[in-house]
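For reference, my_file.txt (compact mmCIF, C-alpha atoms):
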# COMPACT_ATOMS: atom_id res chain seq x y z
CA MET J 163 -12.78 37.66 18.75
CA ARG J 164 -10.56 35.62 21.06
CA GLY J 165 -9.19 32.18 20.24
CA VAL J 166 -7.10 29.56 22.05
CA VAL J 167 -3.47 29.35 20.92
CA PHE J 168 -1.05 26.67 22.11
CA LEU J 169 2.28 28.21 23.17
CA GLY J 170 4.20 25.01 23.92
CA ASP J 171 5.33 23.30 27.11
CA ARG J 172 1.71 22.96 28.32
CA GLU J 173 0.98 26.68 28.03
CA LEU J 174 -1.80 28.35 26.07
CA ALA J 175 -3.28 31.80 25.68
CA LEU J 176 -6.50 33.46 24.57
CA GLN J 177 -5.37 35.82 21.80
CA GLU J 178 -7.26 38.41 19.81
CA PHE J 179 -8.03 37.69 16.14
CA PRO J 180 -10.14 39.59 13.59
CA ASP J 181 -13.66 38.31 13.12
CA PRO J 182 -13.50 36.17 9.95
CA SER J 183 -15.12 37.28 6.69
CA PRO J 184 -15.82 34.77 3.91
CA GLY J 185 -14.09 34.97 0.55
CA PRO J 186 -15.15 33.15 -2.62
CA GLY J 187 -16.21 29.59 -1.87
CA GLU J 188 -15.99 30.10 1.89
CA VAL J 189 -18.41 30.24 4.81
CA VAL J 190 -18.25 31.48 8.38
CA VAL J 191 -19.62 29.14 11.03
CA GLU J 192 -20.66 30.36 14.46
CA ILE J 193 -19.20 27.68 16.71
CA LYS J 194 -21.59 26.09 19.18
CA ALA J 195 -19.32 23.26 20.37
CA SER J 196 -15.60 22.60 19.92
CA GLY J 197 -14.31 19.27 21.18
CA MET J 198 -10.99 18.56 22.86
CA CYS J 199 -9.21 15.66 21.14
CA GLY J 200 -6.37 13.51 22.43
CA SER J 201 -4.24 14.59 19.48
CA ASP J 202 -4.52 18.19 20.73
CA LEU J 203 -2.31 17.10 23.60
CA HIS J 204 0.59 16.48 21.21
CA THR J 205 0.49 20.17 20.29
CA TYR J 206 -0.24 21.33 23.84
CA ARG J 207 2.76 19.40 25.18
CA ALA J 208 5.16 20.24 22.34
CA PRO J 209 8.35 22.12 23.25
CA LYS J 210 8.35 25.82 22.54
CA GLY J 211 9.74 26.69 19.14
CA GLY J 212 8.96 23.29 17.60
CA ALA J 213 6.79 24.32 14.67
CA ALA J 214 6.25 21.43 12.26
CA ALA J 215 5.69 18.59 14.69
CA GLY J 216 4.39 20.62 17.58
CA LEU J 217 2.94 24.06 17.78
CA GLY J 218 0.03 25.10 15.62
CA LEU J 219 1.52 27.51 13.09
CA GLY J 220 0.15 28.82 9.82
CA GLY J 221 2.06 29.03 6.57
CA ASP J 222 3.39 32.46 7.52
CA GLY J 223 4.65 31.19 10.89
CA SER J 224 1.95 32.95 12.91
CA PRO J 225 0.00 31.09 15.63
CA VAL J 226 -3.28 29.48 14.64
CA ILE J 227 -6.43 28.97 16.67
CA ALA J 228 -6.59 25.43 18.08
CA GLY J 229 -9.49 23.00 17.90
CA HIS J 230 -10.26 20.53 15.13
CA GLU J 231 -13.68 19.25 16.23
CA PRO J 232 -15.99 22.09 15.12
CA CYS J 233 -19.75 22.13 15.13
CA GLY J 234 -22.06 25.11 14.71
CA VAL J 235 -24.29 27.17 12.45
CA VAL J 236 -23.53 28.86 9.12
CA VAL J 237 -23.82 32.64 9.55
CA ALA J 238 -22.15 34.03 6.40
CA ARG J 239 -21.40 32.86 2.84
CA GLY J 240 -18.89 34.09 0.30
CA SER J 241 -19.48 34.46 -3.41
CA GLY J 242 -19.99 31.26 -5.36
CA VAL J 243 -21.36 29.27 -2.43
CA THR J 244 -24.57 27.59 -3.54
CA ASP J 245 -27.62 26.64 -1.49
CA SER J 246 -26.72 22.99 -2.02
CA GLN J 247 -23.41 23.62 -0.25
CA ALA J 248 -24.61 25.78 2.62
CA THR J 249 -27.55 27.90 3.73
CA ILE J 250 -27.61 30.57 6.42
CA GLY J 251 -28.69 28.98 9.68
CA GLN J 252 -27.74 25.46 8.62
CA ARG J 253 -26.41 23.18 11.38
CA VAL J 254 -23.06 21.78 10.28
CA MET J 255 -19.92 19.92 11.20
CA ASN J 256 -16.57 20.53 9.54
CA PHE J 257 -14.31 17.99 7.85
CA HIS J 258 -11.18 19.51 9.33
CA TYR J 259 -8.84 19.02 6.36
CA ASP J 260 -8.47 20.84 3.04
CA GLY J 261 -6.29 19.92 0.08
CA CYS J 262 -5.67 20.52 -3.60
CA GLY J 263 -9.02 19.02 -4.59
CA VAL J 264 -7.68 17.25 -7.68
CA CYS J 265 -5.34 14.44 -6.54
CA GLN J 266 -6.68 10.91 -6.13
CA HIS J 267 -6.94 11.26 -2.36
CA CYS J 268 -8.87 14.53 -2.43
CA ARG J 269 -11.23 13.20 -5.10
CA THR J 270 -12.15 10.24 -2.89
CA GLY J 271 -12.68 12.42 0.19
CA TRP J 272 -9.37 11.57 1.89
CA THR J 273 -8.15 15.15 1.85
CA GLN J 274 -5.83 14.61 4.80
CA MET J 275 -3.72 12.47 2.44
CA CYS J 276 -3.51 15.20 -0.24
CA ALA J 277 -0.50 14.68 -2.51
CA ALA J 278 0.21 18.42 -2.43
CA GLY J 279 -0.08 18.62 1.37
CA ALA J 280 -3.19 19.24 3.44
CA THR J 281 -4.27 22.14 5.62
CA VAL J 282 -5.31 20.79 9.02
CA TYR J 283 -7.73 23.13 10.77
CA GLY J 284 -6.67 23.64 14.35
CA LEU J 285 -3.01 22.89 13.52
CA THR J 286 -1.95 24.65 10.31
CA GLY J 287 -5.17 26.60 9.76
CA HIS J 288 -7.44 28.41 12.22
CA GLY J 289 -9.66 26.01 14.17
CA ALA J 290 -12.73 26.06 16.36
CA HIS J 291 -11.59 27.10 19.82
CA ALA J 292 -13.11 30.53 19.09
CA PRO J 293 -16.61 31.96 18.55
CA TYR J 294 -16.33 31.87 14.73
CA MET J 295 -14.47 29.77 12.18
CA LEU J 296 -13.79 30.38 8.49
CA MET J 297 -13.82 27.29 6.25
CA PRO J 298 -14.27 26.24 2.63
CA ALA J 299 -17.89 25.37 1.88
CA GLU J 300 -16.72 22.04 0.47
CA THR J 301 -15.58 20.95 3.95
CA LEU J 302 -19.04 21.25 5.48
CA VAL J 303 -20.85 18.11 6.64
CA PRO J 304 -24.55 18.52 7.55
CA LEU J 305 -25.40 17.79 11.18
CA PRO J 306 -28.49 15.55 11.48
CA ASP J 307 -31.34 17.25 13.32
CA GLU J 308 -31.38 14.41 15.86
CA LEU J 309 -27.85 15.22 17.08
CA SER J 310 -26.77 17.96 19.46
CA PHE J 311 -23.89 20.28 18.68
CA VAL J 312 -21.61 18.52 21.17
CA GLU J 313 -22.39 15.17 19.53
CA GLY J 314 -21.50 16.70 16.19
CA ALA J 315 -18.19 17.87 17.66
CA ALA J 316 -17.43 14.30 18.78
CA VAL J 317 -18.19 12.88 15.34
CA SER J 318 -15.91 15.50 13.76
CA CYS J 319 -12.79 13.66 14.89
CA GLY J 320 -12.55 11.29 17.87
CA ALA J 321 -15.80 9.36 17.53
CA GLY J 322 -15.57 9.40 13.75
CA THR J 323 -12.09 7.91 13.96
CA ALA J 324 -13.36 5.08 16.16
CA TYR J 325 -16.30 4.43 13.84
CA ASN J 326 -14.13 4.25 10.72
CA ALA J 327 -11.69 1.85 12.40
CA LEU J 328 -14.50 -0.49 13.46
CA ARG J 329 -15.96 -0.47 9.94
CA ARG J 330 -12.56 -1.21 8.39
CA MET J 331 -12.02 -4.08 10.82
CA GLY J 332 -15.41 -5.61 9.99
CA ILE J 333 -16.89 -5.68 13.49
CA ARG J 334 -20.13 -7.64 13.59
CA GLY J 335 -22.65 -8.84 16.13
CA GLY J 336 -21.26 -11.50 18.45
CA SER J 337 -17.61 -10.82 17.60
CA THR J 338 -15.05 -10.28 20.35
CA LEU J 339 -13.14 -6.99 20.51
CA ALA J 340 -10.49 -5.74 22.91
CA VAL J 341 -10.10 -1.95 23.00
CA PHE J 342 -6.76 -0.83 24.44
CA GLY J 343 -6.96 2.74 25.75
CA GLN J 344 -10.22 4.25 26.99
CA GLY J 345 -9.61 7.87 26.19
CA PRO J 346 -12.18 9.66 24.02
CA VAL J 347 -11.47 7.53 20.91
CA GLY J 348 -11.35 4.26 22.81
CA LEU J 349 -14.52 5.07 24.71
CA ALA J 350 -16.29 5.88 21.45
CA ALA J 351 -15.11 2.55 20.04
CA THR J 352 -16.46 0.75 23.11
CA LEU J 353 -19.79 2.56 22.77
CA PHE J 354 -20.14 1.94 19.02
CA ALA J 355 -18.96 -1.68 19.05
CA SER J 356 -21.38 -2.50 21.87
CA ALA J 357 -24.18 -0.96 19.80
CA MET J 358 -23.06 -3.12 16.86
CA GLY J 359 -23.53 -6.22 19.02
CA ALA J 360 -19.89 -7.05 19.75
CA ARG J 361 -18.56 -8.40 23.05
CA VAL J 362 -16.20 -5.61 24.12
CA PHE J 363 -13.31 -5.92 26.57
CA ALA J 364 -11.95 -2.52 27.64
CA VAL J 365 -8.32 -2.13 28.70
CA ASP J 366 -6.81 0.94 30.39
CA ILE J 367 -4.77 1.99 33.43
CA ALA J 368 -7.18 4.66 34.73
CA PRO J 369 -9.98 3.36 36.98
CA GLU J 370 -12.13 6.38 36.11
CA ARG J 371 -11.99 5.60 32.40
CA LEU J 372 -12.61 1.90 32.97
CA ALA J 373 -15.73 2.78 34.93
CA LEU J 374 -16.93 4.85 31.98
CA ALA J 375 -16.18 1.99 29.60
CA GLN J 376 -18.28 -0.38 31.69
CA SER J 377 -21.19 2.05 31.61
CA PHE J 378 -20.77 2.28 27.82
CA GLY J 379 -21.35 -1.45 27.38
CA ALA J 380 -17.99 -3.14 27.95
CA GLU J 381 -18.57 -6.74 29.03
CA GLN J 382 -15.31 -6.78 30.99
CA THR J 383 -12.82 -4.10 32.02
CA ILE J 384 -9.13 -4.81 32.55
CA ASN J 385 -6.74 -2.53 34.42
CA SER J 386 -3.45 -3.29 32.68
CA ALA J 387 -1.51 -1.57 35.47
CA THR J 388 -2.45 -4.40 37.82
CA GLN J 389 -3.56 -7.22 35.47
CA ASP J 390 -1.91 -8.95 32.52
CA ALA J 391 -4.44 -8.37 29.77
CA GLY J 392 -3.21 -11.15 27.46
CA PRO J 393 -3.96 -14.22 29.62
CA LEU J 394 -7.21 -12.70 30.88
CA LEU J 395 -8.44 -12.04 27.34
CA LYS J 396 -7.63 -15.63 26.39
CA GLU J 397 -9.53 -16.86 29.43
CA LEU J 398 -12.55 -14.74 28.43
CA THR J 399 -12.47 -16.22 24.90
CA HIS J 400 -12.09 -19.91 25.80
CA GLY J 401 -8.35 -19.89 25.25
CA GLN J 402 -8.46 -18.55 21.71
CA GLY J 403 -7.90 -14.81 22.02
CA VAL J 404 -10.08 -12.04 20.61
CA GLU J 405 -11.15 -11.82 16.98
CA PHE J 406 -10.42 -8.09 16.89
CA ALA J 407 -8.18 -5.73 18.85
CA LEU J 408 -8.02 -1.95 18.60
CA ASP J 409 -5.27 0.19 20.09
CA ALA J 410 -6.40 3.76 20.73
CA SER J 411 -3.61 4.62 23.17
CA GLY J 412 -0.50 4.88 20.99
CA ALA J 413 1.51 3.27 23.80
CA PRO J 414 4.09 0.74 22.55
CA GLN J 415 3.17 -1.85 25.20
CA ALA J 416 -0.54 -1.55 24.43
CA ARG J 417 0.06 -1.92 20.70
CA ALA J 418 2.07 -5.09 21.22
CA ALA J 419 -0.54 -6.44 23.63
CA ALA J 420 -3.31 -5.72 21.12
CA VAL J 421 -1.54 -7.76 18.44
CA ARG J 422 -0.70 -10.61 20.81
CA SER J 423 -4.22 -10.79 22.22
CA CYS J 424 -5.66 -11.70 18.82
CA ARG J 425 -6.49 -15.29 17.92
CA ALA J 426 -5.36 -16.96 14.70
CA TRP J 427 -6.83 -15.18 11.66
CA GLY J 428 -7.60 -12.19 13.88
CA THR J 429 -7.41 -8.50 13.05
CA ALA J 430 -5.59 -5.77 14.99
CA CYS J 431 -5.95 -2.07 14.26
CA PHE J 432 -3.86 0.91 15.39
CA VAL J 433 -5.45 4.37 15.62
CA GLY J 434 -3.39 5.91 18.44
CA GLU J 435 -0.86 8.42 17.11
CA GLY J 436 2.88 8.59 17.83
CA ASN J 437 5.44 6.21 19.34
CA THR J 438 6.61 2.85 17.95
CA VAL J 439 6.04 -0.85 18.53
CA THR J 440 8.31 -3.92 18.52
CA LEU J 441 6.85 -7.25 17.45
CA ASP J 442 8.09 -10.76 16.86
CA VAL J 443 6.84 -10.88 13.29
CA SER J 444 6.85 -14.68 12.99
CA GLN J 445 5.15 -15.48 16.28
CA ASP J 446 2.91 -12.43 16.58
CA MET J 447 1.79 -12.11 12.97
CA LEU J 448 2.88 -14.58 10.31
CA ARG J 449 2.10 -17.80 12.10
CA LYS J 450 -1.24 -16.43 13.26
CA GLN J 451 -2.21 -15.23 9.76
CA LEU J 452 -2.90 -11.88 11.43
CA THR J 453 -4.29 -8.85 9.63
CA LEU J 454 -2.81 -5.55 10.88
CA ILE J 455 -4.52 -2.27 9.95
CA GLY J 456 -3.43 1.32 10.40
CA SER J 457 -6.48 3.59 10.38
CA TRP J 458 -6.19 7.38 10.21
CA THR J 459 -9.38 9.32 10.96
CA PHE J 460 -11.98 8.99 8.13
CA ASN J 461 -13.01 10.53 4.83
CA ILE J 462 -15.69 13.18 4.42
CA THR J 463 -18.42 10.68 3.54
CA GLY J 464 -17.37 8.54 6.51
CA GLN J 465 -18.00 11.50 8.81
CA ALA J 466 -21.54 11.80 7.48
CA ASP J 467 -22.03 8.02 7.80
CA CYS J 468 -20.93 8.10 11.44
CA ALA J 469 -23.35 10.91 12.25
CA ARG J 470 -26.20 9.00 10.61
CA PHE J 471 -25.26 5.82 12.51
CA VAL J 472 -25.41 7.71 15.80
CA ALA J 473 -28.76 9.28 14.93
CA ASP J 474 -30.42 6.14 13.53
CA ASN J 475 -29.32 3.94 16.41
CA HIS J 476 -30.16 6.49 19.11
CA ILE J 477 -26.66 6.34 20.56
CA ALA J 478 -26.22 8.74 23.46
CA LEU J 479 -22.90 10.11 22.25
CA GLU J 480 -23.14 13.05 24.67
CA ARG J 481 -22.19 10.58 27.39
CA LEU J 482 -18.60 10.77 26.11
CA PHE J 483 -18.39 14.31 27.47
CA THR J 484 -17.61 14.29 31.16
CA HIS J 485 -16.61 17.96 31.23
CA ARG J 486 -17.90 21.12 29.51
CA PHE J 487 -16.07 24.43 29.56
CA ALA J 488 -16.46 28.06 28.59
CA LEU J 489 -13.66 29.40 26.43
CA ASP J 490 -12.38 31.50 29.34
CA GLU J 491 -11.68 28.24 31.17
CA ALA J 492 -9.31 26.94 28.48
CA GLU J 493 -6.20 26.90 30.68
CA ASN J 494 -7.86 24.82 33.41
CA ALA J 495 -9.61 22.66 30.81
CA TYR J 496 -6.37 21.54 29.18
CA GLN J 497 -4.60 21.07 32.50
CA LEU J 498 -7.36 18.66 33.47
CA PHE J 499 -7.49 16.95 30.08
CA ASP J 500 -3.70 16.51 30.18
CA GLN J 501 -4.07 14.18 33.19
CA GLN J 502 -5.84 11.66 30.91
CA THR J 503 -8.21 10.42 33.58
CA ILE J 504 -11.44 12.03 32.33
CA GLY J 505 -13.65 11.27 29.36
CA LYS J 506 -14.01 13.92 26.67
CA GLY J 507 -14.00 17.68 27.20
CA VAL J 508 -15.77 20.26 25.05
CA PHE J 509 -15.99 24.05 24.83
CA VAL J 510 -19.58 25.21 24.51
CA PHE J 511 -20.62 28.63 23.28
In structure tokens, how does this file's structure come out?
Amino acid sequence: MRGVVFLGDRELALQEFPDPSPGPGEVVVEIKASGMCGSDLHTYRAPKGGAAAGLGLGGDGSPVIAGHEPCGVVVARGSGVTDSQATIGQRVMNFHYDGCGVCQHCRTGWTQMCAAGATVYGLTGHGAHAPYMLMPAETLVPLPDELSFVEGAAVSCGAGTAYNALRRMGIRGGSTLAVFGQGPVGLAATLFASAMGARVFAVDIAPERLALAQSFGAEQTINSATQDAGPLLKELTHGQGVEFALDASGAPQARAAAVRSCRAWGTACFVGEGNTVTLDVSQDMLRKQLTLIGSWTFNITGQADCARFVADNHIALERLFTHRFALDEAENAYQLFDQQTIGKGVFVF
């Protein structure tokens, strides 16, 4: 089979790999949808030769198949896999981390925080930008019948990350939320928070993404390239500032603006990866009694909870996907995604 491999410096290739065969405790999933995540761009853009922080490389230094938002159907099981774990033909998502299984983080489903070091599928282990993917049966998450495969792919990272952040922040009906960055994670946060009954203010610099955010339920959109978000958010909240702010961009300026846009006793949350932020701790945090949260993806039960939330509330998560691609179109797909003006992209099989 062929799979997408990131080569560095915005280059990729479709390379040949053996069709996977399951060993003990493993399954093979026929991939039906494999989402493109903003964090893939870190690997796509990494300089050539930069293994640990950039290119997807396995433990032996060989390239790995990209893609950490898998969704498909179980087609083969290895020995020891029980019917309660997986059945042939079952529709599944994948929790895209694996760890030691015995440390406190693994035992609570936070395998990405494994004390012994986690395998990250699509970065240090083969991912889903290929027709088939091998994975431990314990990483499977059932896909509700109400959801499509592309919706399952969204839940498997980007949308699930947004959902977990909103739950940790305590979003509730009638609360005010500013979402900085309307890429796939930010758009999912706008969509979910609107469904939860919050008043959502969407901030970005791309008119195309702001238009999507408005269609997803944002009460107000703010183009921070031409407008100062801080004063406008205060004006929209009767001079107080928002109760909650979420930064999904990772940009230093957006992070600082998210913190400063919060009212006294407010909560700010960072989910965007990379970069730094500089704050005036006294003015921006202490004297506002601010709560600041760092939220990294979700645990395996959180992924299932997100999928059930989408299904039970009839949320049209497919609307996140503005572009669908065949695997042969991978080079053009990532060139377009790299511009960061579209919604979410997905490879469909």
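Compared by their closest atoms to Gln415 in chain J, and using all atoms listed in the file, the residues J:Gly287, J:Gly392, J:Gly314, J:Gly170 rank with J:Gly392 nearest.
Across the structure, CA of Glu405 in chain J and CA of Phe432 in chain J are spaced 14.8 Å apart.
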Practice problem: For Asp202 in chain J, please output as a PyMOL selection string all residues within 9 Å (counting only C-alpha atoms; exclusion window: fewer than 5 positions along the same chain). | Solution: chain J and resi 207+228-230+284-285
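Across J:Thr338, J:Gln501, J:Ser241, J:Ser224, the tightest approach to Pro186 in chain J is made by J:Ser241 when counting all atoms listed in the file.
Of note, CA of Gly507 in chain J and CA of Phe487 in chain J are spaced 7.4 Å apart.
Using all atoms listed in the file, the protein and nucleic acid residues lying no more than 8 Å from Ala315 in chain J, apart from those fewer than 5 places from it along its own chain, are Ala195, Ser196, Gly197, Glu231, Pro232, Cys233 and Met255 of chain J.
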Around all listed atoms of range 482-492 of chain J, padded 8 Å per side, what centre and edge lengths does the axis-aligned box have in Å to one decimal, as AutoDock Vina command-line options?
--center_x -14.0 --center_y 21.1 --center_z 28.7 --size_x 25.3 --size_y 36.7 --size_z 21.1
Self-check item: Top pick for closest residue to Ile227 in chain J, considering J:Thr205, J:Thr244, J:Thr429, J:Ser386 and counting only C-alpha atoms
Solution: J:Thr205
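The space between CA of Leu339 in chain J and CA of Asn326 in chain J spans 14.9 Å.
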Could you name the residues that touch Ser411 in chain J at 8 Å or less, counting all atoms listed in the file, but leaving out those on the same chain fewer than 4 positions away, as a tab-separated table (two decimals) with C-alpha atoms, keeping the file's coordinate frame?
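Everything below was put into result-v1.tsv:
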chain	number	residue	atom	x	y	z
J	342	PHE	CA	-6.76	-0.83	24.44
J	343	GLY	CA	-6.96	2.74	25.75
J	344	GLN	CA	-10.22	4.25	26.99
J	345	GLY	CA	-9.61	7.87	26.19
J	348	GLY	CA	-11.35	4.26	22.81
J	416	ALA	CA	-0.54	-1.55	24.43
J	417	ARG	CA	0.06	-1.92	20.70
J	433	VAL	CA	-5.45	4.37	15.62
J	434	GLY	CA	-3.39	5.91	18.44
J	435	GLU	CA	-0.86	8.42	17.11
Interface rows for range 170-283 of chain J against range 305-309 of chain J: nearest pair, Å to one decimal, 12 Å, only C-alpha atoms, as JSON lines:
{"residue": "J:Pro232", "atom": "CA", "partner": "J:Leu305", "partner_atom": "CA", "distance": 11.1}
{"residue": "J:Cys233", "atom": "CA", "partner": "J:Leu305", "partner_atom": "CA", "distance": 8.1}
{"residue": "J:Gly234", "atom": "CA", "partner": "J:Leu305", "partner_atom": "CA", "distance": 8.8}
{"residue": "J:Val235", "atom": "CA", "partner": "J:Leu305", "partner_atom": "CA", "distance": 9.5}
{"residue": "J:Val236", "atom": "CA", "partner": "J:Leu305", "partner_atom": "CA", "distance": 11.4}
{"residue": "J:Ala248", "atom": "CA", "partner": "J:Leu305", "partner_atom": "CA", "distance": 11.7}
{"residue": "J:Gly251", "atom": "CA", "partner": "J:Leu305", "partner_atom": "CA", "distance": 11.8}
{"residue": "J:Gln252", "atom": "CA", "partner": "J:Leu305", "partner_atom": "CA", "distance": 8.4}
{"residue": "J:Arg253", "atom": "CA", "partner": "J:Leu305", "partner_atom": "CA", "distance": 5.5}
{"residue": "J:Val254", "atom": "CA", "partner": "J:Leu305", "partner_atom": "CA", "distance": 4.7}
{"residue": "J:Met255", "atom": "CA", "partner": "J:Leu305", "partner_atom": "CA", "distance": 5.9}
{"residue": "J:Asn256", "atom": "CA", "partner": "J:Leu305", "partner_atom": "CA", "distance": 9.4}
{"residue": "J:Phe257", "atom": "CA", "partner": "J:Leu305", "partner_atom": "CA", "distance": 11.6}
Exercise. Find the residues with any atom within 6 Å of (-6.2, -8.4, 14.4); use all atoms listed in the file and the coordinates as given in the file, and write the answer as a list of chain:residue names.
Key: J:Phe406, J:Ala407, J:Cys424, J:Gly428, J:Thr429, J:Ala430, J:Leu452, J:Thr453, J:Leu454
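Residue nearest Phe511 in chain J, chosen from J:Val312, J:Cys199, J:Val362, J:Ala280 and counting all atoms listed in the file: J:Val312.
Taking all atoms listed in the file, the non-local environment of Met358 in chain J within 9 Å (same-chain residues fewer than 5 positions away omitted) comprises Ile333, Arg334, Gly335, Gly336 and Leu353 of chain J.
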Quiz prompt | Exercise: residues within 7 Å of coordinate (-1.6, -13.3, 18.5), counting all atoms listed in the file, as a list in words | solution = Val421, Arg422, Ser423, Cys424, Arg425, Ala426, Asp446, Met447 and Lys450 of chain J
Atoms to include: C-alpha atoms. Write the selected residues as a PDB file, in the frame of the given file.
ATOM      1  CA  VAL J 421      -1.540  -7.760  18.440  1.00  0.00           C
ATOM      2  CA  ARG J 422      -0.700 -10.610  20.810  1.00  0.00           C
ATOM      3  CA  SER J 423      -4.220 -10.790  22.220  1.00  0.00           C
ATOM      4  CA  CYS J 424      -5.660 -11.700  18.820  1.00  0.00           C
ATOM      5  CA  ARG J 425      -6.490 -15.290  17.920  1.00  0.00           C
ATOM      6  CA  ALA J 426      -5.360 -16.960  14.700  1.00  0.00           C
ATOM      7  CA  ASP J 446       2.910 -12.430  16.580  1.00  0.00           C
ATOM      8  CA  MET J 447       1.790 -12.110  12.970  1.00  0.00           C
ATOM      9  CA  LYS J 450      -1.240 -16.430  13.260  1.00  0.00           C
TER      10      LYS J 450
END
Quiz item: Excluding same-chain residues fewer than 3 positions from Ala292 in chain J, what lies within 10 Å of it counting all atoms listed in the file, as a PyMOL selection string?
Solution: chain J and resi 163-167+176-179+181+192-196+227-229+232+288-289+295+489+509-511
